[in-house]
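A.B. asks: Below is the file start28.cif, with mmCIF, C-alpha atoms.
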data_model
loop_
_atom_site.label_atom_id
_atom_site.label_comp_id
_atom_site.auth_asym_id
_atom_site.auth_seq_id
_atom_site.Cartn_x
_atom_site.Cartn_y
_atom_site.Cartn_z
CA MET O 1 -5.08 21.28 -59.93
CA ASN O 2 -5.26 17.47 -59.76
CA ASN O 3 -4.71 15.45 -56.61
CA LYS O 4 -1.27 14.14 -57.56
CA TYR O 5 0.10 17.58 -58.41
CA PHE O 6 -1.42 19.11 -55.27
CA SER O 7 0.15 16.41 -53.10
CA GLU O 8 3.57 16.89 -54.76
CA LEU O 9 3.28 20.66 -54.36
CA LEU O 10 2.42 20.33 -50.67
CA ASN O 11 5.48 18.14 -50.09
CA LYS O 12 7.72 20.67 -51.87
CA TYR O 13 6.24 23.47 -49.77
CA LEU O 14 6.90 21.66 -46.49
CA LYS O 15 10.50 20.92 -47.58
CA HIS O 16 11.11 24.62 -48.40
CA GLU O 17 11.58 23.64 -52.07
CA ALA O 18 8.52 25.35 -53.58
CA SER O 19 9.03 28.43 -55.70
CA GLU O 20 7.23 31.68 -54.89
CA GLU O 21 4.71 30.99 -57.68
CA GLU O 22 4.08 27.44 -56.43
CA SER O 23 3.59 28.64 -52.84
CA GLU O 24 1.05 31.23 -54.00
CA LEU O 25 -0.77 28.58 -56.04
CA LEU O 26 -0.94 26.26 -53.04
CA ILE O 27 -2.36 28.97 -50.78
CA LYS O 28 -4.91 30.07 -53.38
CA HIS O 29 -6.16 26.47 -53.62
CA TYR O 30 -6.51 25.91 -49.87
CA ASN O 31 -10.14 24.92 -50.46
CA LEU O 32 -8.85 21.62 -51.82
CA PHE O 33 -8.23 20.62 -48.23
CA GLU O 34 -12.00 20.22 -47.99
CA SER O 35 -12.97 19.16 -51.51
CA GLU O 36 -10.22 16.59 -52.11
CA ALA O 37 -10.27 14.54 -48.92
CA ASP O 38 -8.43 11.54 -50.37
CA ILE O 39 -5.20 13.55 -50.53
CA PHE O 40 -4.91 13.24 -46.74
CA ASP O 41 -6.57 9.86 -46.16
CA SER O 42 -3.23 8.18 -45.45
CA LEU O 43 -2.09 10.77 -42.90
CA SER O 44 -2.45 10.34 -39.15
CA GLN O 45 -4.21 12.96 -37.05
CA HIS O 46 -0.83 14.03 -35.63
CA ARG O 47 0.66 14.46 -39.11
CA LYS O 48 -2.36 16.48 -40.23
CA ALA O 49 -1.92 18.75 -37.23
CA ASP O 50 1.81 19.10 -37.97
CA ILE O 51 1.10 20.11 -41.58
CA ARG O 52 -1.50 22.64 -40.48
CA ASN O 53 0.90 24.16 -37.95
CA GLU O 54 3.77 24.16 -40.46
CA ILE O 55 1.70 26.11 -42.98
CA GLU O 56 0.45 28.50 -40.29
CA ASN O 57 3.94 29.18 -38.94
CA ARG O 58 5.45 29.57 -42.43
CA ILE O 59 2.88 32.18 -43.40
CA TRP O 60 3.30 33.97 -40.05
CA ASP O 61 7.03 34.22 -40.75
CA GLU O 62 6.24 36.06 -43.97
CA ILE O 63 3.71 38.38 -42.34
CA LEU O 64 6.03 39.21 -39.44
CA ASP O 65 9.05 39.87 -41.66
CA ASP O 66 10.43 43.34 -41.01
CA GLU O 67 9.81 44.42 -44.60
CA ILE O 68 6.12 43.61 -44.28
CA LEU O 69 5.57 44.50 -40.61
CA PRO O 70 7.94 47.23 -39.33
CA LYS O 71 8.69 47.15 -35.61
CA ASP O 72 7.14 50.57 -35.03
CA VAL O 73 3.91 49.65 -36.79
CA SER O 74 1.90 49.80 -33.55
CA SER O 75 2.31 53.56 -33.43
CA SER O 76 0.68 54.04 -36.82
CA ASN O 77 -3.02 53.72 -37.52
CA ASN O 78 -2.25 52.77 -41.10
CA GLY O 79 0.17 50.15 -39.86
CA LEU O 80 -2.46 48.76 -37.53
CA TRP O 81 -4.93 48.35 -40.34
CA LEU O 82 -2.31 46.78 -42.62
CA LYS O 83 -1.43 44.36 -39.84
CA PHE O 84 -5.08 43.62 -39.21
CA LEU O 85 -5.76 42.90 -42.89
CA ALA O 86 -2.70 40.69 -43.18
CA VAL O 87 -3.63 38.73 -40.08
CA ALA O 88 -7.25 38.39 -41.19
CA ALA O 89 -6.11 37.01 -44.53
CA VAL O 90 -3.78 34.43 -43.07
CA LEU O 91 -6.31 33.29 -40.47
CA LEU O 92 -8.89 32.83 -43.21
CA ILE O 93 -6.47 30.57 -45.06
CA VAL O 94 -5.12 28.66 -42.10
CA PHE O 95 -8.35 28.04 -40.25
CA SER O 96 -10.33 27.24 -43.38
CA ALA O 97 -7.69 24.63 -44.12
CA GLY O 98 -7.67 23.56 -40.49
CA LEU O 99 -11.37 22.76 -40.61
CA TYR O 100 -10.66 19.93 -43.00
CA PHE O 101 -7.94 18.42 -40.87
CA LEU O 102 -10.28 18.04 -37.91
CA LYS O 103 -13.78 17.73 -39.28
CA ASN O 104 -13.40 14.21 -40.72
CA GLU O 105 -11.95 12.85 -37.48
CA PRO O 106 -14.33 11.55 -34.78
CA VAL O 107 -14.54 13.93 -31.84
CA LYS O 108 -12.40 12.49 -29.06
CA GLN O 109 -11.60 13.88 -25.65
CA ALA O 110 -7.93 13.11 -26.25
CA ASN O 111 -7.60 14.71 -29.71
CA VAL O 112 -4.14 16.23 -29.69
CA ILE O 113 -3.36 19.83 -30.57
CA SER O 114 0.23 20.56 -31.55
CA ARG O 115 1.75 24.02 -31.35
CA LEU O 116 5.17 24.56 -32.92
CA THR O 117 6.73 28.01 -32.56
CA ASP O 118 8.88 28.50 -35.65
CA ILE O 119 8.12 32.21 -35.82
CA LYS O 120 10.55 34.82 -34.53
CA GLU O 121 8.44 35.86 -31.54
CA ASN O 122 7.44 34.06 -28.36
CA ARG O 123 3.89 32.76 -28.61
CA LEU O 124 1.04 32.83 -26.09
CA ILE O 125 -1.00 29.60 -25.89
CA GLN O 126 -4.32 29.33 -24.07
CA LEU O 127 -4.98 25.80 -22.82
CA PRO O 128 -8.50 24.29 -22.57
CA ASP O 129 -8.61 24.74 -18.77
CA GLY O 130 -7.74 28.46 -18.90
CA SER O 131 -4.05 27.96 -18.10
CA THR O 132 -1.60 29.91 -20.26
CA VAL O 133 1.77 29.02 -21.77
CA ILE O 134 4.41 31.22 -23.39
CA LEU O 135 6.50 29.22 -25.89
CA ARG O 136 9.95 30.26 -27.04
CA PRO O 137 10.69 30.13 -30.79
CA GLY O 138 11.42 26.53 -31.81
CA ALA O 139 9.55 24.99 -28.86
CA LYS O 140 6.75 22.47 -29.40
CA LEU O 141 3.79 21.76 -27.12
CA ASN O 142 1.28 18.91 -27.52
CA TYR O 143 -1.93 18.95 -25.47
CA PRO O 144 -5.50 17.57 -25.67
CA SER O 145 -8.26 19.65 -27.21
CA SER O 146 -10.17 19.23 -23.92
CA PHE O 147 -9.34 18.05 -20.42
CA ASP O 148 -12.98 17.10 -19.77
CA GLY O 149 -13.38 13.44 -18.86
CA LEU O 150 -9.65 13.00 -18.29
CA ALA O 151 -8.27 12.08 -14.86
CA LYS O 152 -5.27 14.40 -15.30
CA ARG O 153 -4.27 17.45 -17.31
CA GLU O 154 -1.22 16.25 -19.25
CA VAL O 155 0.85 18.06 -21.90
CA TYR O 156 4.12 17.27 -23.68
CA LEU O 157 6.88 19.86 -24.16
CA ASP O 158 10.02 19.91 -26.29
CA GLY O 159 11.81 23.21 -25.76
CA GLN O 160 11.46 26.14 -23.38
CA ALA O 161 8.17 27.44 -22.03
CA TYR O 162 6.67 29.43 -19.17
CA PHE O 163 3.53 27.94 -17.61
CA ASP O 164 0.88 29.76 -15.57
CA ILE O 165 -1.42 26.96 -14.44
CA LYS O 166 -5.01 27.42 -13.31
CA HIS O 167 -5.61 25.79 -9.93
CA ASN O 168 -7.70 22.61 -9.87
CA SER O 169 -7.26 20.56 -6.69
CA SER O 170 -9.06 17.55 -8.18
CA LYS O 171 -7.05 17.33 -11.40
CA GLN O 172 -3.26 17.41 -11.44
CA PHE O 173 -1.41 19.20 -14.22
CA ILE O 174 1.57 17.24 -15.59
CA ILE O 175 4.18 18.40 -18.10
CA HIS O 176 6.10 15.57 -19.76
CA THR O 177 9.62 16.49 -20.91
CA GLY O 178 11.52 13.44 -22.09
CA LYS O 179 12.69 11.50 -19.04
CA LEU O 180 11.07 13.85 -16.53
CA LYS O 181 7.62 15.04 -15.60
CA THR O 182 6.69 18.12 -13.62
CA ILE O 183 3.53 17.92 -11.49
CA VAL O 184 1.59 20.97 -10.29
CA LEU O 185 -1.81 21.95 -8.91
CA GLY O 186 -1.68 25.68 -9.56
CA THR O 187 1.48 27.73 -10.03
CA ALA O 188 3.78 29.60 -12.43
CA PHE O 189 7.14 28.25 -13.54
CA GLU O 190 9.57 27.79 -16.42
CA ILE O 191 10.77 24.55 -18.00
CA ASN O 192 13.85 24.42 -20.24
CA ALA O 193 13.80 20.98 -21.88
CA TRP O 194 15.13 20.92 -25.44
CA SER O 195 15.40 17.35 -26.74
CA ASP O 196 18.97 17.93 -27.99
CA ASP O 197 20.22 19.54 -24.76
CA SER O 198 22.11 17.56 -22.12
CA SER O 199 19.90 18.69 -19.23
CA ILE O 200 16.37 19.62 -18.20
CA ARG O 201 15.78 22.63 -15.94
CA VAL O 202 12.69 23.64 -13.95
CA THR O 203 12.47 27.08 -12.28
CA VAL O 204 9.53 28.19 -10.11
CA SER O 205 8.36 31.80 -9.88
CA ARG O 206 5.11 31.16 -7.93
CA GLY O 207 3.58 28.19 -6.12
CA LYS O 208 5.15 24.74 -5.84
CA VAL O 209 5.95 21.86 -8.22
CA ARG O 210 7.17 18.28 -7.87
CA VAL O 211 9.63 16.83 -10.37
CA GLU O 212 9.62 13.07 -11.00
CA ASP O 213 11.42 10.64 -13.30
CA GLN O 214 9.82 7.99 -15.51
CA SER O 215 9.65 5.56 -12.57
CA ASN O 216 7.57 8.07 -10.57
CA ARG O 217 10.52 8.66 -8.25
CA THR O 218 10.44 12.15 -6.76
CA LEU O 219 13.60 14.09 -7.65
CA GLY O 220 12.64 17.19 -5.73
CA VAL O 221 9.92 19.61 -4.68
CA ILE O 222 10.66 23.26 -5.41
CA MET O 223 9.03 26.56 -4.49
CA PRO O 224 9.49 30.21 -5.64
CA ASN O 225 13.08 31.10 -6.54
CA GLN O 226 14.15 27.47 -6.49
CA GLN O 227 15.41 25.40 -9.39
CA ILE O 228 16.09 21.76 -10.30
CA THR O 229 18.53 20.77 -13.07
CA TYR O 230 18.63 17.15 -14.24
CA ASN O 231 21.53 15.80 -16.32
CA LYS O 232 20.15 13.30 -18.85
CA ALA O 233 23.37 11.29 -19.18
CA SER O 234 24.61 11.09 -15.58
CA LYS O 235 21.11 11.41 -14.03
CA ASN O 236 22.68 13.86 -11.60
CA ILE O 237 20.24 16.26 -9.88
CA VAL O 238 21.10 19.77 -8.69
CA GLN O 239 18.56 21.71 -6.62
CA LYS O 240 19.39 25.29 -5.66
CA VAL O 241 18.06 28.74 -4.80
CA VAL O 242 18.05 31.21 -7.72
CA ASN O 243 16.69 34.62 -8.68
CA ALA O 244 13.80 33.34 -10.83
CA PRO O 245 13.23 36.62 -12.76
CA GLU O 246 16.73 36.30 -14.26
CA TYR O 247 15.71 33.00 -15.87
CA LEU O 248 12.40 34.40 -17.09
CA GLU O 249 13.65 37.51 -18.89
CA TRP O 250 13.17 35.80 -22.26
CA LYS O 251 9.37 35.84 -21.89
CA GLU O 252 9.44 39.65 -21.95
CA GLN O 253 10.64 39.60 -25.58
CA ASP O 254 8.32 40.18 -28.57
CA LEU O 255 5.19 38.08 -28.07
CA LEU O 256 2.67 36.92 -30.65
CA LEU O 257 -0.94 36.89 -29.42
CA SER O 258 -2.66 34.72 -32.01
CA ASP O 259 -6.47 34.56 -31.99
CA VAL O 260 -6.70 35.41 -28.28
CA THR O 261 -9.65 36.92 -26.41
CA VAL O 262 -9.45 40.37 -24.86
CA ALA O 263 -9.72 38.72 -21.42
CA GLU O 264 -6.71 36.50 -22.16
CA ALA O 265 -4.67 39.46 -23.43
CA THR O 266 -5.44 41.61 -20.40
CA LYS O 267 -4.36 38.82 -18.05
CA LEU O 268 -0.97 38.79 -19.75
CA LEU O 269 -0.69 42.59 -19.58
CA GLU O 270 -1.54 42.57 -15.87
CA SER O 271 1.37 40.21 -15.23
CA ARG O 272 3.83 42.05 -17.48
CA TYR O 273 3.03 45.63 -16.42
CA LYS O 274 1.95 45.02 -12.79
CA VAL O 275 -1.44 46.71 -13.17
CA GLU O 276 -5.07 45.72 -12.74
CA ILE O 277 -7.28 45.75 -15.85
CA MET O 278 -11.05 45.68 -15.41
CA ILE O 279 -13.37 44.99 -18.35
CA SER O 280 -16.62 46.88 -17.81
CA ASP O 281 -18.48 45.30 -20.74
CA ASP O 282 -18.79 41.49 -20.90
CA SER O 283 -19.28 41.60 -24.67
CA ILE O 284 -15.67 42.78 -25.04
CA SER O 285 -14.13 39.99 -22.94
CA SER O 286 -14.78 37.27 -25.51
CA LYS O 287 -13.79 39.24 -28.62
CA ARG O 288 -10.86 37.64 -30.45
CA PHE O 289 -7.98 39.34 -32.20
CA THR O 290 -4.34 38.88 -33.19
CA THR O 291 -1.42 41.23 -32.57
CA ILE O 292 2.19 41.39 -31.43
CA VAL O 293 3.34 42.82 -28.11
CA ARG O 294 6.79 44.24 -28.83
CA LYS O 295 9.55 44.36 -26.22
CA GLY O 296 9.84 47.93 -24.97
CA GLU O 297 6.35 48.84 -26.14
CA THR O 298 4.52 50.92 -23.54
CA LEU O 299 1.31 49.77 -21.92
CA ASP O 300 -0.44 52.78 -23.43
CA GLN O 301 0.61 51.75 -26.95
CA ILE O 302 -0.62 48.20 -26.46
CA LEU O 303 -3.95 49.29 -24.99
CA LYS O 304 -4.50 51.62 -27.96
CA SER O 305 -3.83 48.70 -30.32
CA ILE O 306 -6.22 46.38 -28.46
CA SER O 307 -8.88 49.10 -28.37
CA GLU O 308 -8.62 49.75 -32.11
CA PHE O 309 -8.99 46.06 -32.92
CA ASN O 310 -12.01 45.59 -30.64
CA GLU O 311 -13.86 48.93 -30.83
CA ALA O 312 -13.12 49.66 -27.21
CA VAL O 313 -11.85 52.52 -25.07
CA PHE O 314 -9.73 52.51 -21.92
CA GLN O 315 -9.03 54.87 -19.04
CA TYR O 316 -6.68 54.91 -16.06
CA ASN O 317 -7.53 55.63 -12.44
CA ALA O 318 -5.82 58.50 -10.64
CA ASP O 319 -2.55 56.69 -9.84
CA LYS O 320 -2.56 54.63 -13.07
CA THR O 321 -2.61 51.27 -11.28
CA VAL O 322 -6.12 50.30 -12.42
CA ILE O 323 -7.34 50.44 -16.03
CA THR O 324 -10.94 50.11 -17.16
CA LEU O 325 -11.65 48.78 -20.63
CA GLY O 326 -15.12 49.33 -22.06
CA SER O 327 -17.11 49.70 -25.28
CA LYS O 328 -16.91 52.84 -27.37
#
Can the structure in the file be given as structure tokens, please?
C.D. replies:
Amino acid sequence: MNNKYFSELLNKYLKHEASEEESELLIKHYNLFESEADIFDSLSQHRKADIRNEIENRIWDEILDDEILPKDVSSSNNGLWLKFLAVAAVLLIVFSAGLYFLKNEPVKQANVISRLTDIKENRLIQLPDGSTVILRPGAKLNYPSSFDGLAKREVYLDGQAYFDIKHNSSKQFIIHTGKLKTIVLGTAFEINAWSDDSSIRVTVSRGKVRVEDQSNRTLGVIMPNQQITYNKASKNIVQKVVNAPEYLEWKEQDLLLSDVTVAEATKLLESRYKVEIMISDDSISSKRFTTIVRKGETLDQILKSISEFNEAVFQYNADKTVITLGSK
């Protein structure tokens, strides 16, 4: 495959114009991302990241299609292994390709990572400081590859997301959403800020946030079960008391855990199922895996899936409020 044809094929793929045979050919030749560097010389770092994420999300859509991955697959050992093999294959392709996009760029503290959720499920994102974000399908989040050496922790959101921010009193966390920015030190909250919507909404479930405009003018400070809505056209601000869980029900839908550690996954399960999960073996905490947490799936089903992926076992305490996860 020569450079010109590969470049044309990539463009067709990203425009949804490639045939099934052409898409397969492109994926099979992913190694050209490394061997034919001049294909991407004219692209910016942001565009390279967008292409990588587009390919990743497109392949995930195929893997997560109901015909390939039935919704009850978690209850079947065969299904688990099929899912594992499919995920392993796609990660090999995506991250091998991803190595090229980043390796020829100088390492910068402000290198931007872009996450676009075009897949059907919500997606869990682990930020460099240990904070977590759940993105709704269609939402996009840009953030630096590291917050080290930066005065602030700043990210950029287009869409809807739930943030659970790790406390750091010396380094503010700021979410930029068009004309507004939300400033926190350590809290959990939702932002609904689609670029084509007429308003931006911030809802707090834990802690406290401050909402400002582009001129650094404070629009309001809100605490748990409080909400600010900002109208982009009129600049009108409405602050009110709400039942926060009603606005956060969406994050309990199907959730993709992509290349997460066991420790990251258990933190999510603790929040969702109101239990405490202790990991008795440190070697398990850092193991990485990929799976989907389905809406309505029981905690027992999910723990069995995590254990199978990571050669672990789990057990409940007497009243089933504490779970211990350890090596087999």
A.B. asks: Would you mind listing, for every residue of range 135-184 of chain O within 9 Å of range 198-201 of chain O, the two atoms forming the shortest contact and the distance between them in Å to one decimal, using all atoms listed in the file, sorted by chain and ascending residue number, as a tab-separated table?
C.D. replies:
residue	atom	partner	partner_atom	distance
O:Thr177	CA	O:Ile200	CA	7.9
O:Gly178	CA	O:Ile200	CA	8.8
O:Lys179	CA	O:Ile200	CA	9.0
O:Leu180	CA	O:Ile200	CA	8.0
A.B. asks: Can you work out the spacing between CA of Leu141 in chain O and CA of Ile125 in chain O in Å, to one decimal?
C.D. replies: 9.3 Å
A.B. asks: Which residues match the PyMOL selection byres ((chain O and resi 261-273) around 10) in the file above, as a PDB file with C-alpha atoms, in the coordinates of the input?
C.D. replies:
ATOM      1  CA  LEU O 124       1.040  32.830 -26.090  1.00  0.00           C
ATOM      2  CA  ILE O 125      -1.000  29.600 -25.890  1.00  0.00           C
ATOM      3  CA  GLN O 126      -4.320  29.330 -24.070  1.00  0.00           C
ATOM      4  CA  GLY O 130      -7.740  28.460 -18.900  1.00  0.00           C
ATOM      5  CA  SER O 131      -4.050  27.960 -18.100  1.00  0.00           C
ATOM      6  CA  THR O 132      -1.600  29.910 -20.260  1.00  0.00           C
ATOM      7  CA  ILE O 134       4.410  31.220 -23.390  1.00  0.00           C
ATOM      8  CA  LYS O 251       9.370  35.840 -21.890  1.00  0.00           C
ATOM      9  CA  GLU O 252       9.440  39.650 -21.950  1.00  0.00           C
ATOM     10  CA  LEU O 257      -0.940  36.890 -29.420  1.00  0.00           C
ATOM     11  CA  SER O 258      -2.660  34.720 -32.010  1.00  0.00           C
ATOM     12  CA  ASP O 259      -6.470  34.560 -31.990  1.00  0.00           C
ATOM     13  CA  VAL O 260      -6.700  35.410 -28.280  1.00  0.00           C
ATOM     14  CA  LYS O 274       1.950  45.020 -12.790  1.00  0.00           C
ATOM     15  CA  VAL O 275      -1.440  46.710 -13.170  1.00  0.00           C
ATOM     16  CA  GLU O 276      -5.070  45.720 -12.740  1.00  0.00           C
ATOM     17  CA  ILE O 277      -7.280  45.750 -15.850  1.00  0.00           C
ATOM     18  CA  MET O 278     -11.050  45.680 -15.410  1.00  0.00           C
ATOM     19  CA  ILE O 279     -13.370  44.990 -18.350  1.00  0.00           C
ATOM     20  CA  ASP O 282     -18.790  41.490 -20.900  1.00  0.00           C
ATOM     21  CA  SER O 283     -19.280  41.600 -24.670  1.00  0.00           C
ATOM     22  CA  ILE O 284     -15.670  42.780 -25.040  1.00  0.00           C
ATOM     23  CA  SER O 285     -14.130  39.990 -22.940  1.00  0.00           C
ATOM     24  CA  SER O 286     -14.780  37.270 -25.510  1.00  0.00           C
ATOM     25  CA  LYS O 287     -13.790  39.240 -28.620  1.00  0.00           C
ATOM     26  CA  ARG O 288     -10.860  37.640 -30.450  1.00  0.00           C
ATOM     27  CA  PHE O 289      -7.980  39.340 -32.200  1.00  0.00           C
ATOM     28  CA  THR O 290      -4.340  38.880 -33.190  1.00  0.00           C
ATOM     29  CA  THR O 291      -1.420  41.230 -32.570  1.00  0.00           C
ATOM     30  CA  VAL O 293       3.340  42.820 -28.110  1.00  0.00           C
ATOM     31  CA  THR O 298       4.520  50.920 -23.540  1.00  0.00           C
ATOM     32  CA  LEU O 299       1.310  49.770 -21.920  1.00  0.00           C
ATOM     33  CA  ILE O 302      -0.620  48.200 -26.460  1.00  0.00           C
ATOM     34  CA  LEU O 303      -3.950  49.290 -24.990  1.00  0.00           C
ATOM     35  CA  ILE O 306      -6.220  46.380 -28.460  1.00  0.00           C
ATOM     36  CA  SER O 307      -8.880  49.100 -28.370  1.00  0.00           C
ATOM     37  CA  PHE O 309      -8.990  46.060 -32.920  1.00  0.00           C
ATOM     38  CA  ASN O 310     -12.010  45.590 -30.640  1.00  0.00           C
ATOM     39  CA  THR O 321      -2.610  51.270 -11.280  1.00  0.00           C
ATOM     40  CA  VAL O 322      -6.120  50.300 -12.420  1.00  0.00           C
ATOM     41  CA  ILE O 323      -7.340  50.440 -16.030  1.00  0.00           C
ATOM     42  CA  LEU O 325     -11.650  48.780 -20.630  1.00  0.00           C
TER      43      LEU O 325
END
A.B. asks: Report, in Å to a single decimal, how far apart CA of Asp300 in chain O and CA of Ala161 in chain O are.
C.D. replies: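 Rounded to one decimal, the two atoms are 26.8 Å apart.
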A.B. asks: For the structure provided, state which residues fall under the PyMOL selection byres ((chain O and resi 238-249) around 12), and present them as a JSON list (two decimals) with C-alpha atoms, keeping the file's coordinate frame.
C.D. replies:
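What follows is the written file result-v9.json:
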[["chain", "number", "residue", "atom", "x", "y", "z"],
["O", 122, "ASN", "CA", 7.44, 34.06, -28.36],
["O", 134, "ILE", "CA", 4.41, 31.22, -23.39],
["O", 135, "LEU", "CA", 6.50, 29.22, -25.89],
["O", 136, "ARG", "CA", 9.95, 30.26, -27.04],
["O", 160, "GLN", "CA", 11.46, 26.14, -23.38],
["O", 161, "ALA", "CA", 8.17, 27.44, -22.03],
["O", 162, "TYR", "CA", 6.67, 29.43, -19.17],
["O", 163, "PHE", "CA", 3.53, 27.94, -17.61],
["O", 188, "ALA", "CA", 3.78, 29.60, -12.43],
["O", 189, "PHE", "CA", 7.14, 28.25, -13.54],
["O", 190, "GLU", "CA", 9.57, 27.79, -16.42],
["O", 191, "ILE", "CA", 10.77, 24.55, -18.00],
["O", 192, "ASN", "CA", 13.85, 24.42, -20.24],
["O", 199, "SER", "CA", 19.90, 18.69, -19.23],
["O", 200, "ILE", "CA", 16.37, 19.62, -18.20],
["O", 201, "ARG", "CA", 15.78, 22.63, -15.94],
["O", 202, "VAL", "CA", 12.69, 23.64, -13.95],
["O", 203, "THR", "CA", 12.47, 27.08, -12.28],
["O", 204, "VAL", "CA", 9.53, 28.19, -10.11],
["O", 205, "SER", "CA", 8.36, 31.80, -9.88],
["O", 206, "ARG", "CA", 5.11, 31.16, -7.93],
["O", 210, "ARG", "CA", 7.17, 18.28, -7.87],
["O", 211, "VAL", "CA", 9.63, 16.83, -10.37],
["O", 219, "LEU", "CA", 13.60, 14.09, -7.65],
["O", 220, "GLY", "CA", 12.64, 17.19, -5.73],
["O", 221, "VAL", "CA", 9.92, 19.61, -4.68],
["O", 222, "ILE", "CA", 10.66, 23.26, -5.41],
["O", 223, "MET", "CA", 9.03, 26.56, -4.49],
["O", 224, "PRO", "CA", 9.49, 30.21, -5.64],
["O", 225, "ASN", "CA", 13.08, 31.10, -6.54],
["O", 226, "GLN", "CA", 14.15, 27.47, -6.49],
["O", 227, "GLN", "CA", 15.41, 25.40, -9.39],
["O", 228, "ILE", "CA", 16.09, 21.76, -10.30],
["O", 229, "THR", "CA", 18.53, 20.77, -13.07],
["O", 230, "TYR", "CA", 18.63, 17.15, -14.24],
["O", 231, "ASN", "CA", 21.53, 15.80, -16.32],
["O", 234, "SER", "CA", 24.61, 11.09, -15.58],
["O", 235, "LYS", "CA", 21.11, 11.41, -14.03],
["O", 236, "ASN", "CA", 22.68, 13.86, -11.60],
["O", 237, "ILE", "CA", 20.24, 16.26, -9.88],
["O", 250, "TRP", "CA", 13.17, 35.80, -22.26],
["O", 251, "LYS", "CA", 9.37, 35.84, -21.89],
["O", 252, "GLU", "CA", 9.44, 39.65, -21.95],
["O", 253, "GLN", "CA", 10.64, 39.60, -25.58],
["O", 254, "ASP", "CA", 8.32, 40.18, -28.57],
["O", 272, "ARG", "CA", 3.83, 42.05, -17.48],
["O", 295, "LYS", "CA", 9.55, 44.36, -26.22]]
A.B. asks: Which is closer to Asn168 in chain O than all the others in O:Leu185, O:Leu255, O:Val313, O:Ile292, using only C-alpha atoms?
C.D. replies: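 Using only C-alpha atoms, Asn168 in chain O sits closest to O:Leu185.
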A.B. asks: One decimal, Å: what's the distance from CA of Val112 in chain O over to CA of Lys208 in chain O, could you say?
C.D. replies: 27.0 Å
A.B. asks: Of the residues O:Ile113, O:Asp129, O:Leu256, O:Tyr316, which is the one nearest to Ser145 in chain O, using all atoms listed in the file?
C.D. replies: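 Among the listed residues, the smallest separation from Ser145 in chain O belongs to O:Ile113.
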